[in-house]
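my_file-v7.pdb follows; it contains PDB, C-alpha atoms and all ligand atoms.
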ATOM      1  CA  MET A1207      11.878   1.323 -20.319
ATOM      2  CA  ASN A1208       9.478  -0.558 -22.582
ATOM      3  CA  LYS A1209       5.850  -0.122 -21.541
ATOM      4  CA  ASP A1210       5.459  -3.891 -21.114
ATOM      5  CA  ASP A1211       8.268  -3.881 -18.546
ATOM      6  CA  PHE A1212       6.301  -1.810 -16.053
ATOM      7  CA  LEU A1213       4.648  -3.711 -13.238
ATOM      8  CA  LEU A1214       1.770  -1.251 -13.175
ATOM      9  CA  SER A1215       0.686   1.206 -15.880
ATOM     10  CA  VAL A1216      -2.028   3.686 -14.969
ATOM     11  CA  GLU A1217      -3.218   5.674 -17.980
ATOM     12  CA  GLY A1218      -5.909   8.321 -18.306
ATOM     13  CA  LEU A1219      -7.483   7.159 -15.054
ATOM     14  CA  THR A1220     -10.577   9.165 -14.153
ATOM     15  CA  VAL A1221     -13.352   8.814 -11.607
ATOM     16  CA  SER A1222     -16.250  11.191 -11.147
ATOM     17  CA  PHE A1223     -18.404  11.378  -8.035
ATOM     18  CA  ASP A1224     -21.590  13.257  -9.002
ATOM     19  CA  GLY A1225     -19.691  15.180 -11.678
ATOM     20  CA  PHE A1226     -16.683  15.943  -9.404
ATOM     21  CA  LYS A1227     -13.499  14.403 -10.791
ATOM     22  CA  ALA A1228     -11.608  13.110  -7.731
ATOM     23  CA  VAL A1229      -9.069  11.518 -10.116
ATOM     24  CA  ASP A1230      -8.712  13.283 -13.434
ATOM     25  CA  ASP A1231      -6.861  11.794 -16.422
ATOM     26  CA  LEU A1232      -4.089  10.439 -14.188
ATOM     27  CA  SER A1233      -1.145   8.514 -15.632
ATOM     28  CA  PHE A1234       1.867   7.015 -13.870
ATOM     29  CA  TYR A1235       4.030   3.897 -14.209
ATOM     30  CA  LEU A1236       5.650   1.661 -11.592
ATOM     31  CA  GLU A1237       8.786  -0.338 -12.232
ATOM     32  CA  PRO A1238       9.304  -3.723 -10.580
ATOM     33  CA  GLN A1239      10.843  -3.442  -7.093
ATOM     34  CA  GLU A1240      10.503   0.311  -6.794
ATOM     35  CA  ILE A1241       9.138   2.234  -3.827
ATOM     36  CA  ARG A1242       6.866   4.978  -5.125
ATOM     37  CA  VAL A1243       5.343   7.472  -2.754
ATOM     38  CA  ILE A1244       2.274   9.523  -3.619
ATOM     39  CA  ILE A1245       2.085  12.831  -1.783
ATOM     40  CA  GLY A1246      -0.218  15.815  -2.080
ATOM     41  CA  PRO A1247      -2.640  18.009  -0.157
ATOM     42  CA  ASN A1248      -5.797  16.707   1.511
ATOM     43  CA  GLY A1249      -8.426  15.796  -1.051
ATOM     44  CA  ALA A1250      -5.890  15.492  -3.910
ATOM     45  CA  GLY A1251      -7.240  12.031  -4.763
ATOM     46  CA  LYS A1252      -4.467   9.845  -3.339
ATOM     47  CA  THR A1253      -6.621   7.364  -1.435
ATOM     48  CA  THR A1254      -9.041   7.213  -4.351
ATOM     49  CA  VAL A1255      -6.179   6.065  -6.604
ATOM     50  CA  LEU A1256      -5.512   3.119  -4.278
ATOM     51  CA  ASP A1257      -9.274   2.418  -4.153
ATOM     52  CA  LEU A1258      -9.325   2.307  -7.967
ATOM     53  CA  ILE A1259      -6.292   0.003  -8.217
ATOM     54  CA  CYS A1260      -7.685  -2.501  -5.707
ATOM     55  CA  GLY A1261     -11.165  -2.443  -7.281
ATOM     56  CA  LYS A1262     -12.961  -0.862  -4.314
ATOM     57  CA  THR A1263     -13.959   2.049  -6.561
ATOM     58  CA  ARG A1264     -14.803   1.684 -10.267
ATOM     59  CA  ALA A1265     -13.085   3.971 -12.791
ATOM     60  CA  THR A1266     -15.184   6.231 -14.992
ATOM     61  CA  ALA A1267     -12.483   6.109 -17.683
ATOM     62  CA  GLY A1268      -8.904   4.994 -18.216
ATOM     63  CA  SER A1269      -6.835   1.909 -17.748
ATOM     64  CA  ILE A1270      -4.861   0.143 -14.995
ATOM     65  CA  ARG A1271      -2.603  -2.555 -16.444
ATOM     66  CA  PHE A1272      -0.918  -4.900 -13.974
ATOM     67  CA  ARG A1273       1.250  -7.765 -15.229
ATOM     68  CA  GLY A1274      -0.652  -7.851 -18.522
ATOM     69  CA  LYS A1275      -4.096  -7.747 -16.875
ATOM     70  CA  GLU A1276      -6.613  -4.915 -17.044
ATOM     71  CA  LEU A1277      -7.630  -4.356 -13.418
ATOM     72  CA  THR A1278     -10.493  -1.948 -14.128
ATOM     73  CA  LYS A1279     -12.509  -4.911 -15.414
ATOM     74  CA  MET A1280     -11.809  -7.169 -12.447
ATOM     75  CA  LYS A1281     -13.513  -7.722  -9.082
ATOM     76  CA  GLU A1282     -11.730  -6.983  -5.802
ATOM     77  CA  HIS A1283     -10.953 -10.619  -4.945
ATOM     78  CA  GLN A1284      -9.643 -11.236  -8.476
ATOM     79  CA  ILE A1285      -7.298  -8.256  -8.102
ATOM     80  CA  VAL A1286      -6.012  -9.661  -4.788
ATOM     81  CA  HIS A1287      -5.520 -13.005  -6.507
ATOM     82  CA  ALA A1288      -3.633 -11.299  -9.362
ATOM     83  CA  GLY A1289      -1.077 -10.073  -6.786
ATOM     84  CA  VAL A1290      -2.173  -6.708  -5.406
ATOM     85  CA  GLY A1291      -2.181  -6.309  -1.602
ATOM     86  CA  ARG A1292      -3.623  -3.242   0.118
ATOM     87  CA  LYS A1293      -3.256  -2.057   3.676
ATOM     88  CA  PHE A1294      -5.631   0.576   4.941
ATOM     89  CA  GLN A1295      -4.653   3.330   7.343
ATOM     90  CA  ASN A1296      -5.951   1.786  10.565
ATOM     91  CA  PRO A1297      -4.544  -1.591  11.537
ATOM     92  CA  SER A1298      -7.159  -4.325  11.350
ATOM     93  CA  VAL A1299      -5.525  -7.323  12.952
ATOM     94  CA  PHE A1300      -7.440 -10.003  14.869
ATOM     95  CA  GLU A1301      -6.834  -8.736  18.420
ATOM     96  CA  ASP A1302      -7.753 -12.012  20.165
ATOM     97  CA  LEU A1303      -5.479 -14.164  18.008
ATOM     98  CA  THR A1304      -1.739 -14.441  18.540
ATOM     99  CA  VAL A1305       0.795 -12.958  16.138
ATOM    100  CA  PHE A1306       1.391 -16.481  14.807
ATOM    101  CA  GLU A1307      -2.333 -17.082  14.254
ATOM    102  CA  ASN A1308      -2.840 -13.712  12.533
ATOM    103  CA  LEU A1309      -0.126 -14.605  10.032
ATOM    104  CA  GLU A1310      -1.365 -18.176   9.733
ATOM    105  CA  VAL A1311      -4.932 -17.196   8.829
ATOM    106  CA  SER A1312      -3.532 -14.871   6.176
ATOM    107  CA  TYR A1313      -1.563 -17.666   4.526
ATOM    108  CA  PRO A1314      -3.155 -18.112   1.089
ATOM    109  CA  MET A1315      -4.915 -21.440   1.446
ATOM    110  CA  GLY A1316      -8.499 -20.248   1.374
ATOM    111  CA  HIS A1317      -9.175 -21.018   5.022
ATOM    112  CA  THR A1318     -11.701 -19.189   7.143
ATOM    113  CA  VAL A1319     -10.506 -18.105  10.580
ATOM    114  CA  MET A1320     -12.104 -21.094  12.299
ATOM    115  CA  GLY A1321     -11.165 -23.557   9.572
ATOM    116  CA  SER A1322      -7.616 -22.359   9.639
ATOM    117  CA  LEU A1323      -7.277 -22.761  13.396
ATOM    118  CA  ALA A1324      -8.627 -26.279  13.212
ATOM    119  CA  PHE A1325      -6.362 -27.477  10.443
ATOM    120  CA  LYS A1326      -3.069 -29.143  11.262
ATOM    121  CA  ARG A1327      -0.179 -26.766  10.808
ATOM    122  CA  ASP A1328       2.109 -28.012   8.122
ATOM    123  CA  ALA A1329       5.779 -27.226   7.850
ATOM    124  CA  ALA A1330       5.388 -24.846   4.903
ATOM    125  CA  VAL A1331       2.947 -22.653   6.843
ATOM    126  CA  ILE A1332       5.150 -22.580   9.945
ATOM    127  CA  GLU A1333       8.187 -21.701   7.865
ATOM    128  CA  ALA A1334       6.350 -18.900   6.042
ATOM    129  CA  VAL A1335       4.968 -17.487   9.316
ATOM    130  CA  GLU A1336       8.388 -17.529  11.002
ATOM    131  CA  SER A1337      10.086 -15.962   8.017
ATOM    132  CA  VAL A1338       7.556 -13.134   7.746
ATOM    133  CA  ALA A1339       7.563 -12.608  11.545
ATOM    134  CA  HIS A1340      11.310 -12.100  11.356
ATOM    135  CA  THR A1341      10.952  -9.549   8.542
ATOM    136  CA  ILE A1342       8.394  -7.531  10.527
ATOM    137  CA  PHE A1343      10.444  -7.587  13.790
ATOM    138  CA  LEU A1344       7.922  -9.790  15.632
ATOM    139  CA  GLN A1345       9.790 -13.102  15.714
ATOM    140  CA  ASP A1346       9.974 -13.048  19.531
ATOM    141  CA  LEU A1347       6.276 -12.205  19.921
ATOM    142  CA  LEU A1348       4.677 -15.055  17.960
ATOM    143  CA  ALA A1349       2.702 -16.300  20.982
ATOM    144  CA  GLU A1350       1.560 -12.801  22.013
ATOM    145  CA  PRO A1351      -2.099 -11.873  21.440
ATOM    146  CA  ALA A1352      -2.153  -9.155  18.765
ATOM    147  CA  GLY A1353      -4.301  -6.976  21.034
ATOM    148  CA  LEU A1354      -1.297  -6.518  23.358
ATOM    149  CA  LEU A1355       1.010  -5.178  20.621
ATOM    150  CA  SER A1356       1.873  -1.487  20.311
ATOM    151  CA  HIS A1357       0.216   0.526  17.540
ATOM    152  CA  GLY A1358       3.399   0.333  15.457
ATOM    153  CA  GLN A1359       3.728  -3.425  15.956
ATOM    154  CA  LYS A1360       0.112  -3.861  14.832
ATOM    155  CA  GLN A1361       0.914  -1.911  11.664
ATOM    156  CA  TRP A1362       3.880  -4.223  11.022
ATOM    157  CA  LEU A1363       1.745  -7.279  11.687
ATOM    158  CA  GLU A1364      -0.775  -6.115   9.138
ATOM    159  CA  ILE A1365       2.020  -5.603   6.607
ATOM    160  CA  GLY A1366       3.128  -9.153   7.445
ATOM    161  CA  MET A1367      -0.401 -10.462   6.842
ATOM    162  CA  LEU A1368      -0.121  -9.049   3.327
ATOM    163  CA  LEU A1369       3.466 -10.218   2.776
ATOM    164  CA  ILE A1370       2.574 -13.827   3.544
ATOM    165  CA  GLN A1371       0.243 -13.709   0.526
ATOM    166  CA  LYS A1372       3.248 -12.743  -1.644
ATOM    167  CA  PRO A1373       1.679  -9.859  -3.563
ATOM    168  CA  ALA A1374       3.770  -8.407  -6.411
ATOM    169  CA  LEU A1375       2.426  -4.961  -5.533
ATOM    170  CA  LEU A1376       1.909  -3.812  -1.958
ATOM    171  CA  MET A1377      -0.083  -0.613  -1.376
ATOM    172  CA  LEU A1378       0.148   1.146   2.000
ATOM    173  CA  ASP A1379      -1.906   4.144   3.094
ATOM    174  CA  GLU A1380       0.045   6.263   5.608
ATOM    175  CA  PRO A1381       1.927   3.324   7.170
ATOM    176  CA  VAL A1382       3.778   5.387   9.806
ATOM    177  CA  ALA A1383       0.861   7.490  11.063
ATOM    178  CA  GLY A1384       0.904   7.381  14.866
ATOM    179  CA  MET A1385       4.336   5.719  15.040
ATOM    180  CA  SER A1386       7.280   6.809  17.192
ATOM    181  CA  VAL A1387      10.463   8.070  15.535
ATOM    182  CA  ALA A1388      12.184   4.739  16.226
ATOM    183  CA  GLU A1389       9.255   2.804  14.723
ATOM    184  CA  ARG A1390       9.311   5.036  11.627
ATOM    185  CA  LYS A1391      12.970   4.268  11.110
ATOM    186  CA  LYS A1392      12.365   0.531  11.452
ATOM    187  CA  THR A1393       9.443   0.771   9.021
ATOM    188  CA  ALA A1394      11.717   2.445   6.464
ATOM    189  CA  ASP A1395      14.167  -0.462   6.909
ATOM    190  CA  LEU A1396      11.271  -2.908   6.549
ATOM    191  CA  LEU A1397      10.097  -1.368   3.283
ATOM    192  CA  ARG A1398      13.596  -1.526   1.852
ATOM    193  CA  VAL A1399      13.772  -5.249   2.629
ATOM    194  CA  ILE A1400      10.322  -5.796   1.138
ATOM    195  CA  THR A1401      11.282  -4.277  -2.228
ATOM    196  CA  ARG A1402      13.732  -7.090  -2.855
ATOM    197  CA  ASP A1403      10.636  -9.102  -3.821
ATOM    198  CA  HIS A1404       7.817  -6.573  -4.123
ATOM    199  CA  THR A1405       6.912  -3.215  -5.605
ATOM    200  CA  VAL A1406       5.566  -0.812  -3.001
ATOM    201  CA  LEU A1407       3.146   2.081  -3.515
ATOM    202  CA  VAL A1408       2.794   4.290  -0.450
ATOM    203  CA  ILE A1409       0.685   7.327   0.420
ATOM    204  CA  GLU A1410       2.485   9.442   2.997
ATOM    205  CA  HIS A1411       2.536  12.946   4.456
ATOM    206  CA  ASP A1412       5.694  12.674   6.592
ATOM    207  CA  MET A1413       8.322  14.190   4.281
ATOM    208  CA  GLN A1414      11.226  12.891   6.370
ATOM    209  CA  PHE A1415       9.895   9.360   5.907
ATOM    210  CA  VAL A1416       9.180   9.995   2.207
ATOM    211  CA  GLY A1417      12.812  11.057   1.753
ATOM    212  CA  ASP A1418      13.984   7.917   3.589
ATOM    213  CA  ILE A1419      12.086   5.441   1.434
ATOM    214  CA  ALA A1420      11.088   6.830  -1.965
ATOM    215  CA  ASP A1421      12.772   5.876  -5.213
ATOM    216  CA  ARG A1422      10.384   8.265  -6.934
ATOM    217  CA  VAL A1423       7.647  10.577  -5.722
ATOM    218  CA  THR A1424       4.401  11.387  -7.511
ATOM    219  CA  VAL A1425       2.758  14.595  -6.331
ATOM    220  CA  MET A1426      -1.005  14.765  -6.825
ATOM    221  CA  HIS A1427      -3.165  17.876  -6.853
ATOM    222  CA  GLN A1428      -6.840  18.065  -7.786
ATOM    223  CA  GLY A1429      -6.832  14.505  -9.139
ATOM    224  CA  LYS A1430      -3.871  15.056 -11.458
ATOM    225  CA  VAL A1431      -0.104  14.570 -11.379
ATOM    226  CA  LEU A1432       1.426  17.920 -10.423
ATOM    227  CA  SER A1433       5.040  16.765 -10.374
ATOM    228  CA  GLU A1434       7.022  13.542 -10.436
ATOM    229  CA  GLY A1435      10.625  12.485  -9.869
ATOM    230  CA  SER A1436      13.187  12.140  -7.109
ATOM    231  CA  ILE A1437      12.477  13.597  -3.669
ATOM    232  CA  ASP A1438      14.899  16.446  -4.406
ATOM    233  CA  HIS A1439      13.209  17.171  -7.717
ATOM    234  CA  VAL A1440       9.706  17.444  -6.256
ATOM    235  CA  LYS A1441      10.859  19.291  -3.104
ATOM    236  CA  ASN A1442      12.354  22.010  -5.268
ATOM    237  CA  ASP A1443       9.478  22.204  -7.746
ATOM    238  CA  PRO A1444       7.884  25.649  -7.204
ATOM    239  CA  ARG A1445       4.404  24.271  -7.984
ATOM    240  CA  VAL A1446       4.788  21.614  -5.249
ATOM    241  CA  ILE A1447       6.008  24.234  -2.769
ATOM    242  CA  GLU A1448       3.045  26.444  -3.639
ATOM    243  CA  VAL A1449       0.238  23.886  -3.255
ATOM    244  CA  TYR A1450       1.689  21.508  -0.663
ATOM    245  CA  LEU A1451       5.066  21.894   0.988
ATOM    246  CA  GLY A1452       4.775  25.629   1.632
ATOM    247  CA  HIS A1453       1.694  25.136   3.846
TER     248      HIS A1453
HETATM  249  N1  LIG B   1     -16.941   7.688  -2.642
HETATM  250  C1  LIG B   1     -16.842   9.007  -2.772
HETATM  251  N2  LIG B   1     -17.926   9.763  -3.071
HETATM  252  C2  LIG B   1     -17.833  11.105  -3.217
HETATM  253  N3  LIG B   1     -16.676  11.788  -3.107
HETATM  254  C3  LIG B   1     -15.574  11.098  -2.800
HETATM  255  C4  LIG B   1     -15.589   9.683  -2.620
HETATM  256  N4  LIG B   1     -14.316   9.272  -2.342
HETATM  257  C5  LIG B   1     -13.565  10.384  -2.335
HETATM  258  N5  LIG B   1     -14.311  11.483  -2.613
HETATM  259  C6  LIG B   1     -13.810  12.863  -2.720
HETATM  260  O1  LIG B   1     -12.722  12.845  -3.615
HETATM  261  C7  LIG B   1     -11.702  13.751  -3.194
HETATM  262  C8  LIG B   1     -10.388  13.017  -3.071
HETATM  263  O2  LIG B   1     -10.420  12.233  -1.869
HETATM  264  P1  LIG B   1      -9.205  11.311  -1.403
HETATM  265  O3  LIG B   1      -9.607  10.696  -0.109
HETATM  266  O4  LIG B   1      -8.808  10.416  -2.499
HETATM  267  O5  LIG B   1      -8.071  12.391  -1.162
HETATM  268  P2  LIG B   1      -6.657  12.205  -0.480
HETATM  269  O6  LIG B   1      -5.668  12.841  -1.376
HETATM  270  O7  LIG B   1      -6.445  10.775  -0.126
HETATM  271  O8  LIG B   1      -6.798  13.089   0.827
HETATM  272  P3  LIG B   1      -6.248  12.858   2.334
HETATM  273  O9  LIG B   1      -4.802  13.218   2.304
HETATM  274  O10 LIG B   1      -7.068  13.833   3.113
HETATM  275  O11 LIG B   1      -6.523  11.435   2.707
HETATM  276  C9  LIG B   1     -12.194  14.392  -1.914
HETATM  277  O12 LIG B   1     -12.771  15.644  -2.236
HETATM  278  C10 LIG B   1     -13.238  13.411  -1.418
HETATM  279  O13 LIG B   1     -14.227  14.074  -0.672
END

Please, can you express the file's structure as structure tokens?
Amino acid sequence: MNKDDFLLSVEGLTVSFDGFKAVDDLSFYLEPQEIRVIIGPNGAGKTTVLDLICGKTRATAGSIRFRGKELTKMKEHQIVHAGVGRKFQNPSVFEDLTVFENLEVSYPMGHTVMGSLAFKRDAAVIEAVESVAHTIFLQDLLAEPAGLLSHGQKQWLEIGMLLIQKPALLMLDEPVAGMSVAERKKTADLLRVITRDHTVLVIEHDMQFVGDIADRVTVMHQGKVLSEGSIDHVKNDPRVIEVYLGH
């Protein structure tokens, strides 16, 4: 694949915190519409990589190219605008608003929560909300306050709040943590649907789930790539077994 064909190219990415390199000369490449999962032991630098891509943390060195743009030079809101959506580990939905309203306020029209509630709903917004609600299995719960949803449903709603902004790259930090087995399975189905239009970068520890969703797996250790490839490739890599899977 030509380098320009990658959706995201991370090269030589490094960040030091008081001399400690949490991410150390890291390079990896994402193809359009792939699901990539980053795995690795605690402290390997996985979350920091997502922080660097979304602009929350500034790189010490290296480059993050996304659709021809250099993200390391951009501010967080510019990176969102460029098409990168990030979901953190804990769901942060608006508990007092309904499912419909949570999706509506996330629709990319620059509304504040109050401004958005006051404005007249137009057909395009309603259509987008209903379509996303269907994708995230909440089409029958549009009038339900988000605070009454299960933990798993809140996670899906938050994914929906990103989807409605149509990011080209969706980054999810441990999306199935705290979910039931049935919810994990539905989330795997959801991610497969999402990749028809989006590239997905996921951090995950649950190896069953990783095997269910990953096109490719990148294993991190001490801020670097330890191994990369299919789930079978990394599962059988003796270095991965030694530092991660064997524990
Ligand atoms: N802002 C920061 N300042 C100082 N050190 C940090 C900062 N952010 C992360 N670190 C350190 O960088 C290392 C990598 O942390 P990170 O959270 O990226 O690891 P991780 O692979 O996501 O781990 P986990 O699986 O436990 O979430 C850790 O040693 C952490 O303490």

Please tabulate, as CSV, the residues of region 1256-1335 of chain A that come within 12 Å of region 1347-1364 of chain A, each with its closest pair of atoms and the distance in Å to one decimal, counting all atoms listed in the file and ordering rows by chain, then residue number upward.
residue,atom,partner,partner_atom,distance
A:Gly1291,CA,A:Glu1364,CA,10.8
A:Arg1292,CA,A:Glu1364,CA,9.9
A:Lys1293,CA,A:Glu1364,CA,7.2
A:Phe1294,CA,A:Glu1364,CA,9.3
A:Gln1295,CA,A:Gln1361,CA,8.8
A:Asn1296,CA,A:Gln1361,CA,7.9
A:Pro1297,CA,A:Gln1361,CA,5.5
A:Ser1298,CA,A:Glu1364,CA,7.0
A:Val1299,CA,A:Glu1364,CA,6.2
A:Phe1300,CA,A:Ala1352,CA,6.6
A:Glu1301,CA,A:Gly1353,CA,4.0
A:Asp1302,CA,A:Pro1351,CA,5.8
A:Leu1303,CA,A:Pro1351,CA,5.3
A:Thr1304,CA,A:Pro1351,CA,3.9
A:Val1305,CA,A:Leu1348,CA,4.8
A:Phe1306,CA,A:Leu1348,CA,4.8
A:Glu1307,CA,A:Leu1348,CA,8.2
A:Asn1308,CA,A:Ala1352,CA,7.8
A:Leu1309,CA,A:Leu1363,CA,7.7
A:Glu1310,CA,A:Leu1348,CA,10.7
A:Val1311,CA,A:Glu1364,CA,11.8
A:Ser1312,CA,A:Glu1364,CA,9.6
A:Ile1332,CA,A:Leu1348,CA,11.0
A:Val1335,CA,A:Leu1348,CA,9.0

Taking all atoms listed in the file into account, which of A:Gly1417, A:Gly1274, A:Gly1452, A:Gly1429 comes nearest ligand LIG 1 (chain B)?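 Ranked by minimum distance to ligand LIG 1 (chain B), first place goes to A:Gly1429.
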
Which one of A:Ile1245, A:Met1280, A:Leu1213, A:Leu1369 sits closest to Leu1451 (chain A) if you count only C-alpha atoms? A:Ile1245

Chain A near ligand LIG 1 (chain B) within 12 Å: what's each residue's closest atom pair and its distance in Å to one decimal, counting all atoms listed in the file, ordered by chain then ascending residue number, as JSON lines?
{"residue": "A:Thr1220", "atom": "CA", "partner": "B:LIG1", "partner_atom": "O1", "distance": 11.4}
{"residue": "A:Val1221", "atom": "CA", "partner": "B:LIG1", "partner_atom": "O1", "distance": 9.0}
{"residue": "A:Ser1222", "atom": "CA", "partner": "B:LIG1", "partner_atom": "N3", "distance": 8.1}
{"residue": "A:Phe1223", "atom": "CA", "partner": "B:LIG1", "partner_atom": "C2", "distance": 4.9}
{"residue": "A:Asp1224", "atom": "CA", "partner": "B:LIG1", "partner_atom": "C2", "distance": 7.2}
{"residue": "A:Gly1225", "atom": "CA", "partner": "B:LIG1", "partner_atom": "C2", "distance": 9.6}
{"residue": "A:Phe1226", "atom": "CA", "partner": "B:LIG1", "partner_atom": "N3", "distance": 7.5}
{"residue": "A:Lys1227", "atom": "CA", "partner": "B:LIG1", "partner_atom": "O1", "distance": 7.4}
{"residue": "A:Ala1228", "atom": "CA", "partner": "B:LIG1", "partner_atom": "O1", "distance": 4.3}
{"residue": "A:Val1229", "atom": "CA", "partner": "B:LIG1", "partner_atom": "C8", "distance": 7.3}
{"residue": "A:Asp1230", "atom": "CA", "partner": "B:LIG1", "partner_atom": "C8", "distance": 10.5}
{"residue": "A:Ile1244", "atom": "CA", "partner": "B:LIG1", "partner_atom": "O6", "distance": 8.9}
{"residue": "A:Ile1245", "atom": "CA", "partner": "B:LIG1", "partner_atom": "O6", "distance": 7.8}
{"residue": "A:Gly1246", "atom": "CA", "partner": "B:LIG1", "partner_atom": "O6", "distance": 6.2}
{"residue": "A:Pro1247", "atom": "CA", "partner": "B:LIG1", "partner_atom": "O9", "distance": 5.8}
{"residue": "A:Asn1248", "atom": "CA", "partner": "B:LIG1", "partner_atom": "O10", "distance": 3.5}
{"residue": "A:Gly1249", "atom": "CA", "partner": "B:LIG1", "partner_atom": "O5", "distance": 3.4}
{"residue": "A:Ala1250", "atom": "CA", "partner": "B:LIG1", "partner_atom": "O6", "distance": 3.7}
{"residue": "A:Gly1251", "atom": "CA", "partner": "B:LIG1", "partner_atom": "O4", "distance": 3.2}
{"residue": "A:Lys1252", "atom": "CA", "partner": "B:LIG1", "partner_atom": "O6", "distance": 3.8}
{"residue": "A:Thr1253", "atom": "CA", "partner": "B:LIG1", "partner_atom": "O7", "distance": 3.7}
{"residue": "A:Thr1254", "atom": "CA", "partner": "B:LIG1", "partner_atom": "O4", "distance": 3.7}
{"residue": "A:Val1255", "atom": "CA", "partner": "B:LIG1", "partner_atom": "O4", "distance": 6.5}
{"residue": "A:Leu1256", "atom": "CA", "partner": "B:LIG1", "partner_atom": "O4", "distance": 8.2}
{"residue": "A:Asp1257", "atom": "CA", "partner": "B:LIG1", "partner_atom": "O4", "distance": 8.2}
{"residue": "A:Leu1258", "atom": "CA", "partner": "B:LIG1", "partner_atom": "O4", "distance": 9.8}
{"residue": "A:Lys1262", "atom": "CA", "partner": "B:LIG1", "partner_atom": "N1", "distance": 9.6}
{"residue": "A:Thr1263", "atom": "CA", "partner": "B:LIG1", "partner_atom": "N1", "distance": 7.5}
{"residue": "A:Arg1264", "atom": "CA", "partner": "B:LIG1", "partner_atom": "N1", "distance": 9.9}
{"residue": "A:Ala1265", "atom": "CA", "partner": "B:LIG1", "partner_atom": "N1", "distance": 11.5}
{"residue": "A:Phe1294", "atom": "CA", "partner": "B:LIG1", "partner_atom": "O11", "distance": 11.1}
{"residue": "A:Gln1295", "atom": "CA", "partner": "B:LIG1", "partner_atom": "O11", "distance": 9.5}
{"residue": "A:Leu1378", "atom": "CA", "partner": "B:LIG1", "partner_atom": "O7", "distance": 11.9}
{"residue": "A:Asp1379", "atom": "CA", "partner": "B:LIG1", "partner_atom": "O11", "distance": 8.6}
{"residue": "A:Glu1380", "atom": "CA", "partner": "B:LIG1", "partner_atom": "O11", "distance": 8.8}
{"residue": "A:Ala1383", "atom": "CA", "partner": "B:LIG1", "partner_atom": "O11", "distance": 11.8}
{"residue": "A:Val1408", "atom": "CA", "partner": "B:LIG1", "partner_atom": "O7", "distance": 11.3}
{"residue": "A:Ile1409", "atom": "CA", "partner": "B:LIG1", "partner_atom": "O7", "distance": 7.9}
{"residue": "A:Glu1410", "atom": "CA", "partner": "B:LIG1", "partner_atom": "O9", "distance": 8.2}
{"residue": "A:His1411", "atom": "CA", "partner": "B:LIG1", "partner_atom": "O9", "distance": 7.7}
{"residue": "A:Asp1412", "atom": "CA", "partner": "B:LIG1", "partner_atom": "O9", "distance": 11.4}
{"residue": "A:Thr1424", "atom": "CA", "partner": "B:LIG1", "partner_atom": "O6", "distance": 11.9}
{"residue": "A:Val1425", "atom": "CA", "partner": "B:LIG1", "partner_atom": "O6", "distance": 9.9}
{"residue": "A:Met1426", "atom": "CA", "partner": "B:LIG1", "partner_atom": "O6", "distance": 7.4}
{"residue": "A:His1427", "atom": "CA", "partner": "B:LIG1", "partner_atom": "O6", "distance": 7.8}
{"residue": "A:Gln1428", "atom": "CA", "partner": "B:LIG1", "partner_atom": "C8", "distance": 7.8}
{"residue": "A:Gly1429", "atom": "CA", "partner": "B:LIG1", "partner_atom": "C8", "distance": 7.2}
{"residue": "A:Lys1430", "atom": "CA", "partner": "B:LIG1", "partner_atom": "O6", "distance": 10.5}
{"residue": "A:Val1431", "atom": "CA", "partner": "B:LIG1", "partner_atom": "O6", "distance": 11.6}
{"residue": "A:Tyr1450", "atom": "CA", "partner": "B:LIG1", "partner_atom": "O9", "distance": 10.9}

Can you list, as a VMD selection string, the residues that the PyMOL selection byres (((chain A and resi 1270) around 8) and not hetatm) selects here? chain A and resid 1214 to 1217 1219 1259 1268 to 1269 1271 to 1272 1276 to 1278

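Across the model, the gap from CA of Pro1373 (chain A) to CA of His1287 (chain A) is 8.4 Å.
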
Name the residues in contact with region 1240-1243 of chain A at a cut-off of 6 Å, using all atoms listed in the file, excluding same-chain residues fewer than 2 positions from it; report them as a VMD selection string. chain A and resid 1237 to 1238 1405 to 1409 1420 to 1423

Counting only C-alpha atoms, figure out which residue out of A:Ile1342, A:Gln1414, A:Tyr1235, A:Ala1288 gets nearest to Val1387 (chain A).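 Checking each candidate against Val1387 (chain A), we get A:Gln1414 as the closest.
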
Work out how far CA of Gln1239 (chain A) is from CA of Arg1273 (chain A), in Å to one decimal.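 Interatomic distance here is 13.3 Å.
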